[in-house]
$ cat run_17.cif   # mmCIF, C-alpha atoms
data_protein
loop_
_atom_site.group_PDB
_atom_site.id
_atom_site.type_symbol
_atom_site.label_atom_id
_atom_site.label_comp_id
_atom_site.auth_asym_id
_atom_site.auth_seq_id
_atom_site.Cartn_x
_atom_site.Cartn_y
_atom_site.Cartn_z
ATOM 1 C CA MET A 82 -1.468 -17.951 15.295
ATOM 2 C CA GLU A 83 -2.397 -15.080 17.579
ATOM 3 C CA LEU A 84 -0.517 -12.434 19.527
ATOM 4 C CA GLU A 85 -2.022 -9.754 21.748
ATOM 5 C CA PHE A 86 -0.557 -6.456 22.941
ATOM 6 C CA GLN A 87 -2.578 -5.123 25.894
ATOM 7 C CA ASN A 88 -2.835 -1.809 27.741
ATOM 8 C CA LEU A 89 -1.013 0.189 25.065
ATOM 9 C CA LYS A 90 -0.894 3.953 25.244
ATOM 10 C CA LEU A 91 -0.865 5.546 21.773
ATOM 11 C CA GLU A 92 2.801 6.415 22.245
ATOM 12 C CA GLN A 93 3.566 2.710 22.942
ATOM 13 C CA LEU A 94 2.709 1.432 19.488
ATOM 14 C CA ASP A 95 6.382 0.781 18.684
ATOM 15 C CA LYS A 96 6.329 -2.796 20.033
ATOM 16 C CA PRO A 97 3.458 -4.071 17.904
ATOM 17 C CA ALA A 98 4.709 -2.016 14.922
ATOM 18 C CA HIS A 99 8.163 -3.596 15.284
ATOM 19 C CA PHE A 100 6.602 -7.070 15.417
ATOM 20 C CA LEU A 101 4.617 -6.521 12.240
ATOM 21 C CA ALA A 102 7.438 -4.669 10.418
ATOM 22 C CA THR A 103 9.745 -7.645 11.024
ATOM 23 C CA LEU A 104 7.153 -10.022 9.546
ATOM 24 C CA ILE A 105 6.649 -7.702 6.561
ATOM 25 C CA GLU A 106 10.354 -7.377 5.787
ATOM 26 C CA THR A 107 10.839 -11.145 5.997
ATOM 27 C CA SER A 108 7.765 -11.710 3.816
ATOM 28 C CA LEU A 109 9.017 -9.352 1.120
ATOM 29 C CA GLU A 110 12.453 -11.052 1.171
ATOM 30 C CA GLN A 111 10.586 -14.293 0.365
ATOM 31 C CA SER A 112 8.612 -12.594 -2.459
ATOM 32 C CA LEU A 113 5.443 -12.783 -0.388
ATOM 33 C CA PHE A 114 3.126 -9.785 -0.425
ATOM 34 C CA PRO A 115 1.230 -9.572 2.876
ATOM 35 C CA VAL A 116 -2.296 -8.251 3.183
ATOM 36 C CA LEU A 117 -2.996 -6.622 6.553
ATOM 37 C CA LEU A 118 -6.662 -6.507 7.502
ATOM 38 C CA PHE A 119 -7.339 -3.755 10.057
ATOM 39 C CA THR A 120 -10.471 -3.908 12.183
ATOM 40 C CA GLY A 121 -11.570 -1.364 14.770
ATOM 41 C CA THR A 122 -14.028 1.424 15.381
ATOM 42 C CA MET A 123 -13.426 5.013 14.320
ATOM 43 C CA GLY A 124 -10.712 6.497 16.501
ATOM 44 C CA ALA A 125 -9.295 3.116 17.568
ATOM 45 C CA GLY A 126 -5.857 4.003 16.172
ATOM 46 C CA LYS A 127 -5.734 2.224 12.802
ATOM 47 C CA THR A 128 -4.195 5.135 10.881
ATOM 48 C CA THR A 129 -1.943 6.114 13.800
ATOM 49 C CA PHE A 130 -0.643 2.548 13.889
ATOM 50 C CA THR A 131 -0.253 2.490 10.104
ATOM 51 C CA SER A 132 1.973 5.559 10.367
ATOM 52 C CA LYS A 133 4.156 3.910 13.045
ATOM 53 C CA LEU A 134 4.361 0.702 11.027
ATOM 54 C CA VAL A 135 5.225 2.307 7.692
ATOM 55 C CA LYS A 136 7.839 4.558 9.329
ATOM 56 C CA LYS A 137 9.555 1.495 10.852
ATOM 57 C CA ILE A 138 10.414 0.462 7.288
ATOM 58 C CA SER A 139 10.290 3.799 5.434
ATOM 59 C CA PRO A 140 11.167 6.537 7.975
ATOM 60 C CA SER A 141 10.563 9.458 5.606
ATOM 61 C CA ALA A 142 7.068 8.357 4.495
ATOM 62 C CA ASN A 143 4.250 10.865 4.946
ATOM 63 C CA VAL A 144 1.362 8.681 6.114
ATOM 64 C CA ASN A 145 -2.207 9.953 6.278
ATOM 65 C CA SER A 146 -5.708 8.536 6.135
ATOM 66 C CA PRO A 147 -7.044 7.497 2.730
ATOM 67 C CA THR A 148 -10.644 8.045 3.842
ATOM 68 C CA TYR A 149 -11.489 10.325 0.911
ATOM 69 C CA THR A 150 -9.047 8.967 -1.675
ATOM 70 C CA LEU A 151 -9.712 5.261 -0.860
ATOM 71 C CA ILE A 152 -6.004 4.461 -1.369
ATOM 72 C CA ASN A 153 -2.657 6.039 -0.514
ATOM 73 C CA GLN A 154 0.697 4.599 -1.380
ATOM 74 C CA TYR A 155 4.032 5.001 0.352
ATOM 75 C CA PRO A 156 7.389 3.795 -0.998
ATOM 76 C CA ILE A 157 9.153 0.928 0.751
ATOM 77 C CA SER A 158 12.756 1.935 1.439
ATOM 78 C CA GLY A 159 15.276 0.018 -0.659
ATOM 79 C CA ARG A 160 12.642 -1.654 -2.833
ATOM 80 C CA GLU A 161 10.522 -0.887 -5.855
ATOM 81 C CA ASP A 162 7.438 -2.023 -3.914
ATOM 82 C CA PHE A 163 4.954 0.177 -2.080
ATOM 83 C CA PHE A 164 2.747 0.110 0.963
ATOM 84 C CA TYR A 165 -0.826 0.385 -0.346
ATOM 85 C CA HIS A 166 -3.083 1.826 2.344
ATOM 86 C CA PHE A 167 -6.780 1.305 1.623
ATOM 87 C CA ASP A 168 -9.799 2.663 3.465
ATOM 88 C CA LEU A 169 -12.975 0.951 2.250
ATOM 89 C CA HIS A 170 -15.283 2.619 4.791
ATOM 90 C CA ARG A 171 -17.083 4.740 2.191
ATOM 91 C CA LEU A 172 -17.888 1.857 -0.153
ATOM 92 C CA LYS A 173 -21.516 0.806 -0.061
ATOM 93 C CA SER A 174 -21.249 -2.709 -1.497
ATOM 94 C CA SER A 175 -18.784 -5.255 -2.817
ATOM 95 C CA GLN A 176 -19.947 -4.250 -6.319
ATOM 96 C CA ASP A 177 -18.226 -0.883 -5.781
ATOM 97 C CA LEU A 178 -14.900 -2.749 -5.610
ATOM 98 C CA GLU A 179 -15.113 -4.200 -9.120
ATOM 99 C CA ASP A 180 -14.496 -0.911 -10.904
ATOM 100 C CA LEU A 181 -11.632 0.103 -8.613
ATOM 101 C CA GLY A 182 -9.303 -2.793 -9.507
ATOM 102 C CA PHE A 183 -7.878 -3.200 -6.003
ATOM 103 C CA GLU A 184 -7.756 -6.974 -6.458
ATOM 104 C CA GLU A 185 -4.899 -6.359 -8.916
ATOM 105 C CA ILE A 186 -2.810 -5.115 -5.967
ATOM 106 C CA TRP A 187 -3.916 -7.208 -2.978
ATOM 107 C CA GLY A 188 -1.419 -9.996 -2.359
ATOM 108 C CA LYS A 189 0.310 -9.448 -5.715
ATOM 109 C CA THR A 190 2.693 -6.574 -4.998
ATOM 110 C CA GLY A 191 4.052 -4.668 -2.020
ATOM 111 C CA VAL A 192 2.145 -4.586 1.260
ATOM 112 C CA SER A 193 -1.600 -3.983 1.377
ATOM 113 C CA ILE A 194 -3.055 -2.404 4.509
ATOM 114 C CA ILE A 195 -6.842 -2.495 4.339
ATOM 115 C CA GLU A 196 -9.050 -0.639 6.806
ATOM 116 C CA TRP A 197 -12.739 -1.583 6.828
ATOM 117 C CA TRP A 198 -11.921 -4.694 4.748
ATOM 118 C CA GLN A 199 -15.087 -6.684 5.507
ATOM 119 C CA ILE A 200 -16.856 -5.376 2.405
ATOM 120 C CA ALA A 201 -14.155 -7.122 0.334
ATOM 121 C CA LYS A 202 -14.286 -10.421 2.231
ATOM 122 C CA GLU A 203 -14.973 -12.474 -0.919
ATOM 123 C CA ASP A 204 -12.051 -10.908 -2.822
ATOM 124 C CA ILE A 205 -9.669 -11.367 0.106
ATOM 125 C CA ARG A 206 -10.590 -14.871 1.227
ATOM 126 C CA ASN A 207 -8.209 -16.757 -1.083
ATOM 127 C CA LEU A 208 -5.163 -14.510 -0.724
ATOM 128 C CA HIS A 209 -2.080 -16.373 0.503
ATOM 129 C CA LEU A 210 -0.765 -14.213 3.347
ATOM 130 C CA LYS A 211 -3.379 -12.381 5.377
ATOM 131 C CA ILE A 212 -2.772 -10.982 8.852
ATOM 132 C CA GLU A 213 -5.741 -9.630 10.772
ATOM 133 C CA VAL A 214 -5.054 -6.741 13.130
ATOM 134 C CA ASP A 215 -7.830 -5.922 15.583
ATOM 135 C CA PHE A 216 -7.788 -2.584 17.433
ATOM 136 C CA GLN A 217 -9.871 -2.293 20.578
ATOM 137 C CA ILE A 218 -10.340 0.824 22.650
ATOM 138 C CA VAL A 219 -9.705 0.002 26.313
ATOM 139 C CA SER A 220 -9.976 3.612 27.472
ATOM 140 C CA GLU A 221 -9.560 7.054 25.941
ATOM 141 C CA ASP A 222 -5.783 6.651 25.812
ATOM 142 C CA GLU A 223 -5.323 2.837 25.940
ATOM 143 C CA ARG A 224 -5.640 0.240 23.199
ATOM 144 C CA LYS A 225 -5.433 -3.509 22.795
ATOM 145 C CA ILE A 226 -4.047 -4.769 19.487
ATOM 146 C CA THR A 227 -4.410 -8.402 18.455
ATOM 147 C CA PHE A 228 -2.609 -9.979 15.501
ATOM 148 C CA LYS A 229 -4.089 -13.144 14.057
ATOM 149 C CA SER A 230 -3.193 -15.235 11.027
ATOM 150 C CA ASP A 231 -3.901 -18.784 9.947
ATOM 151 C CA ASP A 232 -1.790 -18.214 6.816
ATOM 152 C CA VAL A 233 1.521 -17.673 8.631
ATOM 153 C CA ASP A 234 1.558 -21.406 9.499
ATOM 154 C CA SER A 235 2.038 -22.154 5.787
ATOM 155 C CA TYR A 236 5.404 -20.357 5.689
ATOM 156 C CA PRO A 237 7.936 -21.939 8.077
ATOM 157 C CA ILE A 238 10.249 -18.904 8.111
ATOM 158 C CA LEU A 239 7.345 -16.622 9.121
ATOM 159 C CA LYS A 240 5.941 -19.118 11.609
ATOM 160 C CA ASP A 241 9.348 -19.454 13.304
ATOM 161 C CA LEU A 242 9.771 -15.686 13.366
ATOM 162 C CA TRP A 243 6.282 -15.202 14.866
ATOM 163 C CA ILE A 244 6.999 -17.760 17.594
ATOM 164 C CA LYS A 245 10.408 -16.233 18.328
ATOM 165 C CA MET A 246 8.949 -12.723 18.560
ATOM 166 C CA GLU A 247 6.027 -13.811 20.770
ATOM 167 C CA GLY A 248 8.483 -14.220 23.603
ATOM 168 C CA HIS A 249 10.428 -11.054 22.797
ATOM 169 C CA PRO A 250 8.141 -8.687 20.848
ATOM 170 C CA ALA A 251 10.581 -5.744 20.924
#

$ encode --input "run_17.cif" --output "structure tokens"
Amino acid sequence: MELEFQNLKLEQLDKPAHFLATLIETSLEQSLFPVLLFTGTMGAGKTTFTSKLVKKISPSANVNSPTYTLINQYPISGREDFFYHFDLHRLKSSQDLEDLGFEEIWGKTGVSIIEWWQIAKEDIRNLHLKIEVDFQIVSEDERKITFKSDDVDSYPILKDLWIKMEGHPA
């Protein structure tokens, strides 16, 4: 399944954030722990979008880039789960991942948001609910965001929600 939001100004990220927040909340209600795979160049808006997304569910969260810490976590309002925000940009190889233990989190608890995930492709491949989010810079102040997931088809409640929201994203 794929859904594209085009010609977005940075202040217009509410629509795609609402779309994804609705999928996340429904996933968690079903005891599914989504893994969001963020792709985009530096400055494409990945962390800005993460902040909008997390605040849709946890308005008081203080979201910032985990570039130097590799992982930040933010509480999910009304739950014991967390958003786990990973930035794997500084890792040099997939071997670096082994010592960090991130695979104990991904798809097993809360919501994982992974920037620069490609280095962990082997660890992520078999997770049950992955949603790719691609950020493209259209111009200095415009973005295109594309959501893609083959896994959503496996969960009828999420598939129906995705289809319903395609026509009315927010």

$ closest_atom_pairs --input "run_17.cif" --of "region 178-230 of chain A" --to "region 95-107 of chain A" --cutoff "10 Å" --atoms "all atoms listed in the file" --output "JSON lines"
{"residue": "A:Gly191", "atom": "CA", "partner": "A:Ile105", "partner_atom": "CA", "distance": 9.5}
{"residue": "A:Val192", "atom": "CA", "partner": "A:Ile105", "partner_atom": "CA", "distance": 7.6}
{"residue": "A:Ile212", "atom": "CA", "partner": "A:Leu101", "partner_atom": "CA", "distance": 9.3}
{"residue": "A:Val214", "atom": "CA", "partner": "A:Leu101", "partner_atom": "CA", "distance": 9.7}
{"residue": "A:Ile226", "atom": "CA", "partner": "A:Pro97", "partner_atom": "CA", "distance": 7.7}
{"residue": "A:Thr227", "atom": "CA", "partner": "A:Pro97", "partner_atom": "CA", "distance": 9.0}
{"residue": "A:Phe228", "atom": "CA", "partner": "A:Leu101", "partner_atom": "CA", "distance": 8.6}

$ residues_around --input "run_17.cif" --residues "region 113-115 of chain A" --least-positions-apart "2" --cutoff "8 Å" --atoms "all atoms listed in the file" --output "ChimeraX atom specification"
/A:105,108-111,117,187-193,209-212

$ resolve_selection --input "run_17.cif" --expression "the PyMOL selection byres ((chain A and resi 146) around 10)" --output "ChimeraX atom specification"
/A:127-129,131-132,144-145,147-153,166-168,196

$ residues_near_point --input "run_17.cif" --point "(-12.0, -7.7, 3.7)" --cutoff "10 Å" --atoms "all atoms listed in the file" --output "list in words"
Val116, Leu117, Leu118, Phe119, Thr120, Leu169, Ser175, Ile195, Glu196, Trp197, Trp198, Gln199, Ile200, Ala201, Lys202, Glu203, Asp204, Ile205, Arg206, Lys211 and Glu213 of chain A

$ resolve_selection --input "run_17.cif" --expression "the PyMOL selection byres ((chain A and resi 86) around 6)" --output "list of chain:residue names"
A:Glu85, A:Gln87, A:Lys225, A:Ile226

$ axis_aligned_box --input "run_17.cif" --around "region 85-89 of chain A" --padding-each-side "8 Å" --output "AutoDock Vina command-line options"
--center_x -1.7 --center_y -4.8 --center_z 24.7 --size_x 18.3 --size_y 25.9 --size_z 22.0

$ resolve_selection --input "run_17.cif" --expression "the PyMOL selection byres ((chain A and resi 157) around 12)" --output "ChimeraX atom specification"
/A:102,105-106,109,134-143,154-156,158-165,190-193

$ write_last_selection --input "run_17.cif" --atoms "C-alpha atoms" --output "JSON list (two decimals), in the frame of the given file"
[["chain", "number", "residue", "atom", "x", "y", "z"],
["A", 102, "ALA", "CA", 7.44, -4.67, 10.42],
["A", 105, "ILE", "CA", 6.65, -7.70, 6.56],
["A", 106, "GLU", "CA", 10.35, -7.38, 5.79],
["A", 109, "LEU", "CA", 9.02, -9.35, 1.12],
["A", 134, "LEU", "CA", 4.36, 0.70, 11.03],
["A", 135, "VAL", "CA", 5.22, 2.31, 7.69],
["A", 136, "LYS", "CA", 7.84, 4.56, 9.33],
["A", 137, "LYS", "CA", 9.56, 1.50, 10.85],
["A", 138, "ILE", "CA", 10.41, 0.46, 7.29],
["A", 139, "SER", "CA", 10.29, 3.80, 5.43],
["A", 140, "PRO", "CA", 11.17, 6.54, 7.98],
["A", 141, "SER", "CA", 10.56, 9.46, 5.61],
["A", 142, "ALA", "CA", 7.07, 8.36, 4.50],
["A", 143, "ASN", "CA", 4.25, 10.86, 4.95],
["A", 154, "GLN", "CA", 0.70, 4.60, -1.38],
["A", 155, "TYR", "CA", 4.03, 5.00, 0.35],
["A", 156, "PRO", "CA", 7.39, 3.80, -1.00],
["A", 158, "SER", "CA", 12.76, 1.94, 1.44],
["A", 159, "GLY", "CA", 15.28, 0.02, -0.66],
["A", 160, "ARG", "CA", 12.64, -1.65, -2.83],
["A", 161, "GLU", "CA", 10.52, -0.89, -5.86],
["A", 162, "ASP", "CA", 7.44, -2.02, -3.91],
["A", 163, "PHE", "CA", 4.95, 0.18, -2.08],
["A", 164, "PHE", "CA", 2.75, 0.11, 0.96],
["A", 165, "TYR", "CA", -0.83, 0.38, -0.35],
["A", 190, "THR", "CA", 2.69, -6.57, -5.00],
["A", 191, "GLY", "CA", 4.05, -4.67, -2.02],
["A", 192, "VAL", "CA", 2.14, -4.59, 1.26],
["A", 193, "SER", "CA", -1.60, -3.98, 1.38]]

$ closest_residue --input "run_17.cif" --among "A:Asp232, A:Ile194, A:Lys133, A:Lys173" --to "Leu94 (chain A)" --atoms "only C-alpha atoms"
A:Lys133

$ atom_distance --input "run_17.cif" --atom1 "CA of Leu89 (chain A)" --atom2 "CA of Gly121 (chain A)"
14.8 Å

$ atom_distance --input "run_17.cif" --atom1 "CA of Ile244 (chain A)" --atom2 "CA of Glu83 (chain A)"
9.8 Å

$ closest_residue --input "run_17.cif" --among "A:Glu92, A:Glu221, A:Asp215, A:Asp231" --to "Trp243 (chain A)" --atoms "all atoms listed in the file"
A:Asp231

$ atom_distance --input "run_17.cif" --atom1 "CA of Glu184 (chain A)" --atom2 "CA of Leu172 (chain A)"
14.8 Å

$ residues_around --input "run_17.cif" --residues "Thr122 (chain A)" --least-positions-apart "5" --cutoff "9 Å" --atoms "only C-alpha atoms" --output "NGL selection string"
:A and (127 or 216-218)

$ build_atoms --input "run_17.cif" --residues "region 150-161 of chain A" --atoms "all heavy atoms" --output "PDB file, in the coordinates of the input"
ATOM      1  N   THR A 150      -9.671   9.385  -0.428  1.00  0.00           N
ATOM      2  CA  THR A 150      -9.047   8.967  -1.675  1.00  0.00           C
ATOM      3  C   THR A 150      -9.173   7.462  -1.896  1.00  0.00           C
ATOM      4  O   THR A 150      -8.870   6.978  -2.980  1.00  0.00           O
ATOM      5  CB  THR A 150      -7.551   9.333  -1.673  1.00  0.00           C
ATOM      6  OG1 THR A 150      -6.924   8.695  -0.560  1.00  0.00           O
ATOM      7  CG2 THR A 150      -7.346  10.828  -1.600  1.00  0.00           C
ATOM      8  N   LEU A 151      -9.580   6.721  -0.887  1.00  0.00           N
ATOM      9  CA  LEU A 151      -9.712   5.261  -0.860  1.00  0.00           C
ATOM     10  C   LEU A 151      -8.368   4.537  -0.806  1.00  0.00           C
ATOM     11  O   LEU A 151      -8.283   3.441  -0.278  1.00  0.00           O
ATOM     12  CB  LEU A 151     -10.528   4.725  -2.038  1.00  0.00           C
ATOM     13  CG  LEU A 151     -11.980   5.178  -2.130  1.00  0.00           C
ATOM     14  CD1 LEU A 151     -12.640   4.575  -3.371  1.00  0.00           C
ATOM     15  CD2 LEU A 151     -12.768   4.809  -0.886  1.00  0.00           C
ATOM     16  N   ILE A 152      -7.313   5.113  -1.381  1.00  0.00           N
ATOM     17  CA  ILE A 152      -6.004   4.461  -1.369  1.00  0.00           C
ATOM     18  C   ILE A 152      -4.906   5.523  -1.335  1.00  0.00           C
ATOM     19  O   ILE A 152      -4.989   6.539  -2.023  1.00  0.00           O
ATOM     20  CB  ILE A 152      -5.813   3.528  -2.600  1.00  0.00           C
ATOM     21  CG1 ILE A 152      -4.444   2.851  -2.561  1.00  0.00           C
ATOM     22  CG2 ILE A 152      -6.032   4.273  -3.889  1.00  0.00           C
ATOM     23  CD1 ILE A 152      -4.229   1.814  -3.658  1.00  0.00           C
ATOM     24  N   ASN A 153      -3.905   5.270  -0.510  1.00  0.00           N
ATOM     25  CA  ASN A 153      -2.657   6.039  -0.514  1.00  0.00           C
ATOM     26  C   ASN A 153      -1.530   5.039  -0.708  1.00  0.00           C
ATOM     27  O   ASN A 153      -1.662   3.874  -0.326  1.00  0.00           O
ATOM     28  CB  ASN A 153      -2.430   6.774   0.810  1.00  0.00           C
ATOM     29  CG  ASN A 153      -3.359   7.956   0.987  1.00  0.00           C
ATOM     30  OD1 ASN A 153      -3.896   8.496   0.025  1.00  0.00           O
ATOM     31  ND2 ASN A 153      -3.570   8.357   2.233  1.00  0.00           N
ATOM     32  N   GLN A 154      -0.450   5.491  -1.287  1.00  0.00           N
ATOM     33  CA  GLN A 154       0.697   4.599  -1.380  1.00  0.00           C
ATOM     34  C   GLN A 154       1.946   5.306  -0.884  1.00  0.00           C
ATOM     35  O   GLN A 154       2.084   6.510  -1.039  1.00  0.00           O
ATOM     36  CB  GLN A 154       0.863   4.024  -2.782  1.00  0.00           C
ATOM     37  CG  GLN A 154       1.340   4.940  -3.858  1.00  0.00           C
ATOM     38  CD  GLN A 154       1.417   4.212  -5.196  1.00  0.00           C
ATOM     39  OE1 GLN A 154       0.481   3.509  -5.571  1.00  0.00           O
ATOM     40  NE2 GLN A 154       2.501   4.387  -5.901  1.00  0.00           N
ATOM     41  N   TYR A 155       2.803   4.501  -0.234  1.00  0.00           N
ATOM     42  CA  TYR A 155       4.032   5.001   0.352  1.00  0.00           C
ATOM     43  C   TYR A 155       5.157   4.084  -0.105  1.00  0.00           C
ATOM     44  O   TYR A 155       5.010   2.855  -0.077  1.00  0.00           O
ATOM     45  CB  TYR A 155       3.955   4.985   1.886  1.00  0.00           C
ATOM     46  CG  TYR A 155       2.600   5.372   2.440  1.00  0.00           C
ATOM     47  CD1 TYR A 155       1.775   4.428   3.049  1.00  0.00           C
ATOM     48  CD2 TYR A 155       2.132   6.676   2.338  1.00  0.00           C
ATOM     49  CE1 TYR A 155       0.532   4.769   3.554  1.00  0.00           C
ATOM     50  CE2 TYR A 155       0.881   7.028   2.841  1.00  0.00           C
ATOM     51  CZ  TYR A 155       0.082   6.070   3.444  1.00  0.00           C
ATOM     52  OH  TYR A 155      -1.147   6.414   3.933  1.00  0.00           O
ATOM     53  N   PRO A 156       6.287   4.644  -0.535  1.00  0.00           N
ATOM     54  CA  PRO A 156       7.389   3.795  -0.998  1.00  0.00           C
ATOM     55  C   PRO A 156       7.967   2.957   0.140  1.00  0.00           C
ATOM     56  O   PRO A 156       7.945   3.367   1.303  1.00  0.00           O
ATOM     57  CB  PRO A 156       8.425   4.798  -1.515  1.00  0.00           C
ATOM     58  CG  PRO A 156       8.069   6.099  -0.888  1.00  0.00           C
ATOM     59  CD  PRO A 156       6.607   6.068  -0.575  1.00  0.00           C
ATOM     60  N   ILE A 157       8.457   1.781  -0.200  1.00  0.00           N
ATOM     61  CA  ILE A 157       9.153   0.928   0.751  1.00  0.00           C
ATOM     62  C   ILE A 157      10.644   1.141   0.532  1.00  0.00           C
ATOM     63  O   ILE A 157      11.154   0.892  -0.564  1.00  0.00           O
ATOM     64  CB  ILE A 157       8.776  -0.557   0.572  1.00  0.00           C
ATOM     65  CG1 ILE A 157       7.282  -0.751   0.837  1.00  0.00           C
ATOM     66  CG2 ILE A 157       9.625  -1.435   1.492  1.00  0.00           C
ATOM     67  CD1 ILE A 157       6.773  -2.157   0.588  1.00  0.00           C
ATOM     68  N   SER A 158      11.327   1.616   1.547  1.00  0.00           N
ATOM     69  CA  SER A 158      12.756   1.935   1.439  1.00  0.00           C
ATOM     70  C   SER A 158      13.551   0.743   0.897  1.00  0.00           C
ATOM     71  O   SER A 158      13.385  -0.390   1.354  1.00  0.00           O
ATOM     72  CB  SER A 158      13.327   2.329   2.804  1.00  0.00           C
ATOM     73  OG  SER A 158      12.759   3.536   3.231  1.00  0.00           O
ATOM     74  N   GLY A 159      14.392   1.029  -0.094  1.00  0.00           N
ATOM     75  CA  GLY A 159      15.276   0.018  -0.659  1.00  0.00           C
ATOM     76  C   GLY A 159      14.605  -0.971  -1.592  1.00  0.00           C
ATOM     77  O   GLY A 159      15.220  -1.950  -1.998  1.00  0.00           O
ATOM     78  N   ARG A 160      13.370  -0.734  -1.955  1.00  0.00           N
ATOM     79  CA  ARG A 160      12.642  -1.654  -2.833  1.00  0.00           C
ATOM     80  C   ARG A 160      11.848  -0.853  -3.860  1.00  0.00           C
ATOM     81  O   ARG A 160      11.621   0.330  -3.689  1.00  0.00           O
ATOM     82  CB  ARG A 160      11.682  -2.528  -2.026  1.00  0.00           C
ATOM     83  CG  ARG A 160      12.364  -3.410  -0.989  1.00  0.00           C
ATOM     84  CD  ARG A 160      11.366  -4.319  -0.316  1.00  0.00           C
ATOM     85  NE  ARG A 160      10.690  -5.191  -1.246  1.00  0.00           N
ATOM     86  CZ  ARG A 160      11.081  -6.426  -1.560  1.00  0.00           C
ATOM     87  NH1 ARG A 160      12.162  -6.925  -1.007  1.00  0.00           N
ATOM     88  NH2 ARG A 160      10.399  -7.161  -2.411  1.00  0.00           N
ATOM     89  N   GLU A 161      11.394  -1.527  -4.876  1.00  0.00           N
ATOM     90  CA  GLU A 161      10.522  -0.887  -5.855  1.00  0.00           C
ATOM     91  C   GLU A 161       9.051  -1.060  -5.475  1.00  0.00           C
ATOM     92  O   GLU A 161       8.176  -0.555  -6.163  1.00  0.00           O
ATOM     93  CB  GLU A 161      10.798  -1.449  -7.242  1.00  0.00           C
ATOM     94  CG  GLU A 161      12.191  -1.070  -7.749  1.00  0.00           C
ATOM     95  CD  GLU A 161      12.447  -1.539  -9.168  1.00  0.00           C
ATOM     96  OE1 GLU A 161      11.484  -1.806  -9.920  1.00  0.00           O
ATOM     97  OE2 GLU A 161      13.630  -1.635  -9.524  1.00  0.00           O
TER      98      GLU A 161
END
